[in-house]
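Asks: Okay, so here is input-v8.txt, and as you'll see once you scroll down, it has compact mmCIF, C-alpha atoms and all ligand atoms.
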```txt
# COMPACT_ATOMS: atom_id res chain seq x y z
CA MET A 27 30.98 -58.22 -34.96
CA THR A 28 29.14 -61.55 -34.83
CA LYS A 29 31.26 -64.34 -33.38
CA PRO A 30 31.30 -67.83 -34.96
CA ASP A 31 29.77 -69.46 -31.82
CA LYS A 32 26.74 -67.16 -32.14
CA ILE A 33 26.23 -68.45 -35.67
CA THR A 34 25.99 -71.98 -34.30
CA ASP A 35 23.03 -70.82 -32.17
CA LYS A 36 21.30 -69.44 -35.25
CA VAL A 37 21.71 -72.53 -37.41
CA ARG A 38 18.33 -74.10 -38.13
CA LEU A 39 18.29 -77.52 -39.71
CA GLN A 40 15.65 -79.20 -41.86
CA ASP A 41 13.53 -82.17 -40.83
CA ALA A 42 15.58 -85.40 -41.22
CA GLN A 43 12.56 -87.62 -41.87
CA ALA A 44 11.14 -85.38 -44.60
CA LEU A 45 14.57 -85.28 -46.27
CA ALA A 46 14.97 -89.08 -46.10
CA GLN A 47 11.52 -89.57 -47.71
CA GLY A 48 12.76 -87.70 -50.80
CA TYR A 49 14.55 -90.91 -51.91
CA SER A 50 12.07 -92.15 -54.54
CA PRO A 51 11.99 -95.41 -56.62
CA ALA A 52 12.67 -93.34 -59.77
CA ILE A 53 15.88 -91.99 -58.24
CA ARG A 54 16.90 -95.50 -57.18
CA ALA A 55 16.34 -96.84 -60.71
CA MET A 56 18.47 -94.00 -62.09
CA GLU A 57 21.22 -94.87 -59.58
CA ILE A 58 21.25 -98.57 -60.54
CA ALA A 59 21.44 -97.68 -64.25
CA SER A 60 24.31 -95.26 -63.49
CA ILE A 61 26.32 -97.88 -61.56
CA VAL A 62 25.91 -100.48 -64.35
CA SER A 63 26.89 -97.97 -67.07
CA PHE A 64 29.83 -96.72 -65.00
CA VAL A 65 31.26 -100.21 -64.41
CA ALA A 66 30.81 -101.06 -68.12
CA LEU A 67 32.64 -97.90 -69.30
CA GLU A 68 35.49 -98.36 -66.78
CA GLY A 69 35.77 -101.99 -67.95
CA VAL A 70 36.09 -100.93 -71.59
CA LEU A 71 38.69 -98.31 -70.63
CA ALA A 72 40.75 -100.81 -68.59
CA TYR A 73 40.69 -103.23 -71.55
CA LYS A 74 41.81 -100.49 -73.97
CA LEU A 75 44.66 -99.41 -71.63
CA TRP A 76 45.72 -103.05 -71.16
CA SER A 77 45.87 -103.57 -74.93
CA THR A 78 48.06 -100.57 -75.76
CA HIS A 79 51.87 -100.81 -75.72
CA HIS A 80 52.19 -97.18 -74.49
CA THR A 81 51.13 -98.12 -70.92
CA GLY A 82 53.88 -98.55 -68.30
CA PRO A 83 53.80 -99.10 -64.51
CA TRP A 84 55.18 -95.64 -63.67
CA MET A 85 52.73 -93.87 -65.91
CA LEU A 86 49.83 -95.81 -64.39
CA THR A 87 51.04 -95.11 -60.82
CA LEU A 88 51.33 -91.40 -61.56
CA ALA A 89 47.86 -91.39 -63.15
CA VAL A 90 46.38 -93.17 -60.11
CA VAL A 91 48.00 -90.79 -57.57
CA LEU A 92 47.18 -87.61 -59.52
CA GLY A 93 43.69 -89.01 -60.09
CA TYR A 94 43.34 -89.44 -56.31
CA LEU A 95 44.30 -85.80 -55.67
CA ALA A 96 41.98 -84.61 -58.44
CA ALA A 97 39.09 -86.72 -57.09
CA ASP A 98 39.66 -85.28 -53.61
CA PHE A 99 39.41 -81.77 -55.06
CA VAL A 100 36.33 -82.67 -57.13
CA SER A 101 34.69 -84.24 -54.05
CA GLY A 102 35.29 -80.98 -52.17
CA PHE A 103 33.98 -78.84 -55.02
CA VAL A 104 30.80 -80.88 -55.60
CA HIS A 105 30.19 -81.20 -51.83
CA TRP A 106 30.62 -77.43 -51.42
CA MET A 107 28.15 -76.81 -54.29
CA GLY A 108 25.61 -79.21 -52.76
CA ASP A 109 26.00 -77.77 -49.26
CA THR A 110 26.05 -74.12 -50.19
CA TRP A 111 23.74 -73.39 -53.13
CA GLY A 112 20.21 -74.22 -54.26
CA SER A 113 17.37 -75.78 -52.34
CA THR A 114 15.74 -79.19 -51.94
CA GLU A 115 12.63 -77.69 -53.60
CA MET A 116 14.38 -77.19 -56.94
CA PRO A 117 13.01 -79.35 -59.81
CA VAL A 118 15.07 -82.51 -60.60
CA LEU A 119 18.33 -81.30 -59.00
CA GLY A 120 16.67 -80.65 -55.63
CA LYS A 121 15.54 -84.18 -54.82
CA ALA A 122 18.31 -86.14 -56.55
CA PHE A 123 21.39 -84.06 -55.71
CA ILE A 124 20.76 -81.39 -53.08
CA ARG A 125 18.62 -83.49 -50.69
CA PRO A 126 21.42 -85.98 -49.76
CA PHE A 127 23.73 -83.10 -48.75
CA ARG A 128 21.08 -81.48 -46.52
CA GLU A 129 20.12 -84.85 -45.02
CA HIS A 130 23.75 -85.56 -44.19
CA HIS A 131 24.09 -82.46 -41.99
CA VAL A 132 20.88 -83.20 -40.07
CA ASP A 133 21.41 -86.96 -39.71
CA GLU A 134 25.06 -87.81 -40.35
CA LYS A 135 24.54 -91.48 -39.45
CA ALA A 136 21.89 -91.95 -42.18
CA ILE A 137 24.70 -92.61 -44.69
CA THR A 138 25.79 -95.64 -42.64
CA ARG A 139 22.31 -97.14 -43.21
CA HIS A 140 22.43 -96.57 -47.00
CA ASP A 141 23.12 -99.65 -49.10
CA PHE A 142 25.67 -99.83 -51.94
CA VAL A 143 23.28 -98.33 -54.53
CA GLU A 144 22.20 -95.32 -52.48
CA THR A 145 25.78 -94.69 -51.34
CA ASN A 146 27.44 -94.84 -54.76
CA GLY A 147 24.74 -94.23 -57.39
CA ASN A 148 25.01 -90.42 -57.49
CA ASN A 149 28.77 -90.38 -57.92
CA CYS A 150 28.57 -92.92 -60.74
CA LEU A 151 25.98 -90.76 -62.48
CA VAL A 152 28.06 -87.57 -62.35
CA SER A 153 31.14 -89.55 -63.53
CA LEU A 154 29.44 -90.95 -66.65
CA PRO A 155 30.31 -88.07 -69.04
CA VAL A 156 33.97 -88.25 -67.95
CA ALA A 157 33.96 -92.05 -68.32
CA ALA A 158 32.61 -91.70 -71.86
CA LEU A 159 35.28 -89.10 -72.64
CA ALA A 160 38.08 -91.34 -71.28
CA VAL A 161 36.87 -94.22 -73.45
CA ALA A 162 36.71 -91.93 -76.51
CA VAL A 163 40.32 -90.66 -76.13
CA PRO A 164 42.41 -92.12 -79.02
CA LEU A 165 45.28 -94.11 -77.48
CA ASN A 166 47.83 -93.33 -80.20
CA GLY A 167 50.60 -91.79 -78.08
CA PRO A 168 51.88 -91.73 -74.45
CA GLY A 169 50.23 -88.35 -73.75
CA TRP A 170 46.78 -89.57 -74.78
CA VAL A 171 47.24 -92.81 -72.87
CA PHE A 172 48.18 -90.86 -69.74
CA LEU A 173 45.14 -88.60 -70.15
CA ALA A 174 42.79 -91.59 -70.50
CA ALA A 175 44.41 -93.36 -67.51
CA PHE A 176 44.24 -90.18 -65.40
CA LEU A 177 40.54 -89.60 -66.21
CA GLY A 178 39.72 -93.27 -65.57
CA ALA A 179 41.58 -93.24 -62.23
CA MET A 180 40.02 -89.94 -61.18
CA ILE A 181 36.46 -91.16 -61.70
CA PHE A 182 37.28 -94.48 -60.04
CA TRP A 183 38.24 -92.48 -56.91
CA VAL A 184 35.21 -90.23 -57.36
CA MET A 185 33.10 -93.38 -57.33
CA ALA A 186 34.92 -94.60 -54.19
CA THR A 187 34.46 -91.24 -52.45
CA ASN A 188 31.08 -91.81 -50.87
CA GLN A 189 32.16 -95.29 -49.75
CA PHE A 190 35.20 -93.78 -47.97
CA HIS A 191 32.92 -91.05 -46.63
CA LYS A 192 30.42 -93.63 -45.34
CA TRP A 193 33.24 -95.58 -43.63
CA SER A 194 34.37 -92.38 -41.87
CA HIS A 195 30.95 -92.28 -40.17
CA LEU A 196 30.99 -95.90 -38.92
CA ASP A 197 31.37 -96.35 -35.17
CA ALA A 198 33.36 -99.57 -35.59
CA PRO A 199 34.77 -99.95 -39.14
CA PRO A 200 36.40 -103.25 -40.19
CA ALA A 201 40.08 -103.52 -39.10
CA ILE A 202 41.55 -102.94 -42.58
CA ILE A 203 39.40 -99.82 -43.08
CA HIS A 204 40.35 -98.53 -39.64
CA PHE A 205 44.04 -99.03 -40.51
CA LEU A 206 43.71 -97.13 -43.83
CA GLN A 207 41.96 -94.28 -41.97
CA ARG A 208 44.65 -94.17 -39.26
CA VAL A 209 47.48 -93.85 -41.80
CA HIS A 210 45.33 -91.27 -43.70
CA LEU A 211 45.20 -93.16 -46.99
CA ILE A 212 41.40 -92.76 -46.98
CA LEU A 213 39.23 -90.14 -45.20
CA PRO A 214 39.88 -90.36 -41.40
CA PRO A 215 36.85 -89.80 -39.08
CA ASP A 216 38.62 -87.13 -36.93
CA HIS A 217 39.58 -85.17 -40.02
CA HIS A 218 36.03 -85.31 -41.43
CA ARG A 219 34.55 -84.26 -38.05
CA ILE A 220 35.85 -80.74 -38.72
CA HIS A 221 33.35 -80.45 -41.59
CA HIS A 222 30.48 -81.72 -39.45
CA THR A 223 30.80 -78.83 -37.01
CA ALA A 224 28.11 -76.18 -37.71
CA PRO A 225 27.99 -74.03 -39.80
CA PHE A 226 29.52 -76.75 -42.06
CA ASN A 227 31.70 -74.29 -44.02
CA GLN A 228 35.13 -75.97 -44.27
CA TYR A 229 36.93 -79.29 -45.04
CA TYR A 230 34.59 -80.25 -47.90
CA CYS A 231 37.00 -82.78 -49.49
CA ILE A 232 35.83 -86.28 -48.57
CA THR A 233 37.79 -88.77 -50.70
CA VAL A 234 40.92 -88.61 -48.55
CA GLY A 235 40.96 -84.99 -47.34
CA TRP A 236 44.55 -84.22 -48.45
CA MET A 237 43.33 -81.10 -50.30
CA ASN A 238 41.46 -79.59 -47.33
CA ARG A 239 44.37 -77.73 -45.73
CA PRO A 240 45.81 -76.26 -48.95
CA LEU A 241 42.34 -75.09 -50.03
CA ARG A 242 41.70 -73.49 -46.65
CA MET A 243 45.09 -71.76 -46.74
CA ILE A 244 44.23 -70.02 -50.01
CA HIS A 245 40.62 -69.28 -48.88
CA PHE A 246 39.42 -71.10 -51.97
CA PHE A 247 35.77 -71.65 -51.01
CA PRO A 248 35.10 -68.24 -49.35
CA LEU A 249 36.50 -66.57 -52.51
CA MET A 250 34.30 -68.74 -54.75
CA GLU A 251 31.27 -67.87 -52.60
CA ARG A 252 31.94 -64.16 -52.99
CA LEU A 253 32.26 -64.54 -56.72
CA ILE A 254 28.97 -66.46 -57.00
CA THR A 255 27.15 -64.03 -54.68
CA PHE A 256 28.49 -61.16 -56.78
CA VAL A 257 27.26 -62.74 -60.02
CA THR A 258 23.92 -64.24 -58.90
CA GLY A 259 23.02 -62.33 -55.72
CA GLN A 260 22.40 -65.66 -53.90
CA LEU A 261 23.17 -65.98 -50.19
CA PRO A 262 25.42 -69.01 -49.51
CA ARG A 263 23.91 -71.75 -47.23
CA GLN A 264 20.54 -69.96 -46.95
CA ASP A 265 18.57 -73.18 -47.52
CA ASP A 266 20.85 -75.34 -45.35
CA ILE A 267 21.30 -73.33 -42.14
CA GLY A 268 18.63 -70.58 -42.52
CA THR A 269 18.80 -66.93 -43.58
CA GLU A 270 19.87 -65.53 -40.20
CA ALA A 271 22.87 -67.85 -39.74
CA ALA A 272 23.84 -67.54 -43.42
CA GLN A 273 23.87 -63.72 -43.19
CA ALA A 274 25.88 -63.81 -39.96
CA LEU A 275 28.43 -66.10 -41.58
CA VAL A 276 28.88 -63.76 -44.55
CA ALA A 277 29.52 -60.91 -42.06
CA VAL A 278 32.23 -62.97 -40.32
CA ASP A 279 33.82 -63.91 -43.67
CA ASP A 280 33.90 -60.21 -44.65
CA ALA A 281 35.70 -59.32 -41.41
CA THR A 282 38.34 -62.04 -41.86
CA GLU A 283 38.95 -61.72 -45.57
CA VAL A 284 42.26 -62.60 -47.17
CA PRO A 285 44.94 -59.89 -47.48
CA VAL A 286 44.90 -59.98 -51.29
CA LEU A 287 41.18 -59.20 -51.30
CA GLN A 288 41.63 -56.42 -48.74
CA ALA A 289 44.35 -54.91 -50.94
CA ALA A 290 42.08 -55.13 -53.99
CA LYS A 291 39.27 -53.37 -52.12
CA GLU A 292 41.66 -50.62 -50.94
CA LEU A 293 42.77 -50.09 -54.53
CA LEU A 294 39.18 -49.97 -55.72
CA LYS A 295 38.31 -47.49 -52.95
CA ALA A 296 41.30 -45.30 -53.86
CA SER A 297 40.33 -45.21 -57.54
CA THR A 298 36.71 -44.37 -56.65
CA GLU A 299 37.86 -41.58 -54.36
CA GLU A 300 39.99 -40.15 -57.14
CA SER A 301 36.98 -39.82 -59.40
CA ALA A 302 34.74 -38.63 -56.53
CA PRO A 303 35.56 -34.84 -56.50
CA SER A 304 33.99 -34.29 -59.93
CA VAL A 305 30.78 -35.93 -58.70
CA SER A 306 30.67 -33.93 -55.45
CA SER A 307 31.41 -30.62 -57.23
CA ARG A 308 28.46 -31.24 -59.50
CA SER A 309 26.11 -32.13 -56.67
CA SER A 310 27.16 -29.20 -54.39
CA PRO A 311 25.24 -25.95 -54.85
ZN ZN B 401 28.54 -81.06 -45.91
ZN ZN B 402 30.06 -86.72 -43.47
```
Translate the structure of the given file into structure tokens.
Replies:
Amino acid sequence: MTKPDKITDKVRLQDAQALAQGYSPAIRAMEIASIVSFVALEGVLAYKLWSTHHTGPWMLTLAVVLGYLAADFVSGFVHWMGDTWGSTEMPVLGKAFIRPFREHHVDEKAITRHDFVETNGNNCLVSLPVAALAVAVPLNGPGWVFLAAFLGAMIFWVMATNQFHKWSHLDAPPAIIHFLQRVHLILPPDHHRIHHTAPFNQYYCITVGWMNRPLRMIHFFPLMERLITFVTGQLPRQDDIGTEAAQALVAVDDATEVPVLQAAKELLKASTEESAPSVSSRSSP
């Protein structure tokens, strides 16, 4: 069986300079437009929530905390998608969305050199449909108000995610940021380091990282990868770490699969064996 440290030897990374050059003026213009639209929609939502009599402090606190957890999960899910599937050569998606993920594994300090627009533009863009939905929710009952507040809070934290992520890569963050990292209210550098260890296949959540352990316990991402490979035939991380390392990693995942999956395979095997005699009797002379 291939050991995980052997996979590290096989990992091949793309050229950092070529990846950084993929940041074009058109993408920057799109990012600026996204940030402006995002702030405008969040402003309208905050005004609507402020004006309704259904809003209370407890409801808002709950919406903000649940929104934080949801954003952490979303950050992990989107990060996993960007790290694992597709290639930088894909039209539209490749340059705008996949390139930053690949660049970040090759040159993890590049993010610390990105300005506000490059750091936060992408997350504002992907949050726009949710922002529009939150603004469109009719605020004519506590349930609807909570939903709008939850969606608004979640995308606020989604927007903050790459800023928290960037801070986790700073050598000497400002004192207040360092304090928030130490008490684990935003993504701590030590915690995020686990993701930056090749082959980059765990701890994807980068808002605060609270969801990383629970998701690892239930093998969430390996199970999702199997499902997607089953449906599409794609090899996870092929473009990021190279075919050889990606294949070796799948072999390791297969050997350490979760008990529930092992049980399912046993059941499947048993049912196939039951139907097997009829096939063999036909094929034997
Ligand atoms: Zn990553
Ligand atoms: Zn990082």
Asks: Could I get the residue neighbourhood of ligand ZN 402 (chain B) at 8 Å, counting all atoms listed in the file, as a PyMOL selection string?
Replies: chain A and resi 130-131+134+191-192+194-195+218-219+221-222+232
Asks: Between A:Ala174, A:Leu95, A:Ala89, A:Ala52, which is the closest to Tyr73 in chain A once you count only C-alpha atoms?
Replies: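 Of A:Ala174, A:Leu95, A:Ala89, A:Ala52, the one nearest Tyr73 in chain A, counting only C-alpha atoms, is A:Ala174.
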Asks: List as a list in words the protein and nucleic acid residues lying within 6 Å of ligand ZN 401 (chain B), with only C-alpha atoms and all ligand atoms counted.
Replies: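 What falls inside 6 Å of ligand ZN 401 (chain B) is Asp109, Phe127 and Phe226 of chain A.
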Asks: Since we have the selection now, will you write its residues out, keeping C-alpha atoms, as a tab-separated table (two decimals), in the coordinates of the input?
Replies:
```tsv
chain	number	residue	atom	x	y	z
A	109	ASP	CA	26.00	-77.77	-49.26
A	127	PHE	CA	23.73	-83.10	-48.75
A	226	PHE	CA	29.52	-76.75	-42.06
```
Asks: Between A:Leu88, A:Asp98, A:Gly268, A:Met185, which has the minimum distance to Ile212 in chain A (counting all atoms listed in the file)?
Replies: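 Looking at the shortest contact to Ile212 in chain A, the residue is A:Asp98.
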Asks: Extract, using all atoms listed in the file, all DNA, RNA and protein residues at most 12 Å from range 258-264 of chain A, discarding same-chain residues fewer than 4 positions from it, and format them as a VMD selection string.
Replies: chain A and resid 36 to 40 106 to 114 124 127 to 128 131 224 to 227 247 to 254 268 to 277 279
Asks: Tell me which protein, DNA and RNA residues are within 12 Å of Val65 in chain A, counting all atoms listed in the file, leaving out same-chain ones fewer than 2 positions away, and put them as a short mmCIF file (atom, residue, chain, number, x, y, z; two decimals) with C-alpha atoms, in the frame of the given file.
Replies:
```cif
data_model
loop_
_atom_site.label_atom_id
_atom_site.label_comp_id
_atom_site.auth_asym_id
_atom_site.auth_seq_id
_atom_site.Cartn_x
_atom_site.Cartn_y
_atom_site.Cartn_z
CA ILE A 58 21.25 -98.57 -60.54
CA ALA A 59 21.44 -97.68 -64.25
CA SER A 60 24.31 -95.26 -63.49
CA ILE A 61 26.32 -97.88 -61.56
CA VAL A 62 25.91 -100.48 -64.35
CA SER A 63 26.89 -97.97 -67.07
CA LEU A 67 32.64 -97.90 -69.30
CA GLU A 68 35.49 -98.36 -66.78
CA GLY A 69 35.77 -101.99 -67.95
CA VAL A 70 36.09 -100.93 -71.59
CA LEU A 71 38.69 -98.31 -70.63
CA ALA A 72 40.75 -100.81 -68.59
CA ASN A 146 27.44 -94.84 -54.76
CA GLY A 147 24.74 -94.23 -57.39
CA CYS A 150 28.57 -92.92 -60.74
CA LEU A 151 25.98 -90.76 -62.48
CA SER A 153 31.14 -89.55 -63.53
CA LEU A 154 29.44 -90.95 -66.65
CA ALA A 157 33.96 -92.05 -68.32
CA ALA A 158 32.61 -91.70 -71.86
CA GLY A 178 39.72 -93.27 -65.57
CA ILE A 181 36.46 -91.16 -61.70
CA PHE A 182 37.28 -94.48 -60.04
CA MET A 185 33.10 -93.38 -57.33
#
```
Asks: Find the residue from A:Cys231, A:Val257, A:Val143, A:Ala162 that sits nearest to Glu57 in chain A; use only C-alpha atoms when measuring.
Replies: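 The answer is A:Val143, which sits nearest to Glu57 in chain A.
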Asks: One decimal, in Å: what's the spacing between CA of Val234 in chain A and CA of Met180 in chain A?
Replies: 12.7 Å
Asks: Distance CA of Thr81 in chain A-CA of Phe172 in chain A, one decimal place?
Replies: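 Going from CA of Thr81 in chain A over to CA of Phe172 in chain A covers 7.9 Å.
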Asks: Report as a PyMOL selection string all protein, DNA and RNA residues lying within 7 Å of Val184 in chain A, evaluated on only C-alpha atoms, omitting residues in the same chain fewer than 6 positions from it.
Replies: chain A and resi 97+101+149
Asks: Between CA of Ala136 in chain A and CA of Asn148 in chain A, what is the spacing in Å?
Replies: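 Distance between the two atoms: 15.7 Å.
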Asks: Tell me which of A:Trp170, A:Trp236, A:Tyr230, A:Trp193 sits closest to Leu75 in chain A, counting all atoms listed in the file.
Replies: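 Smallest separation from Leu75 in chain A among the options: A:Trp170.
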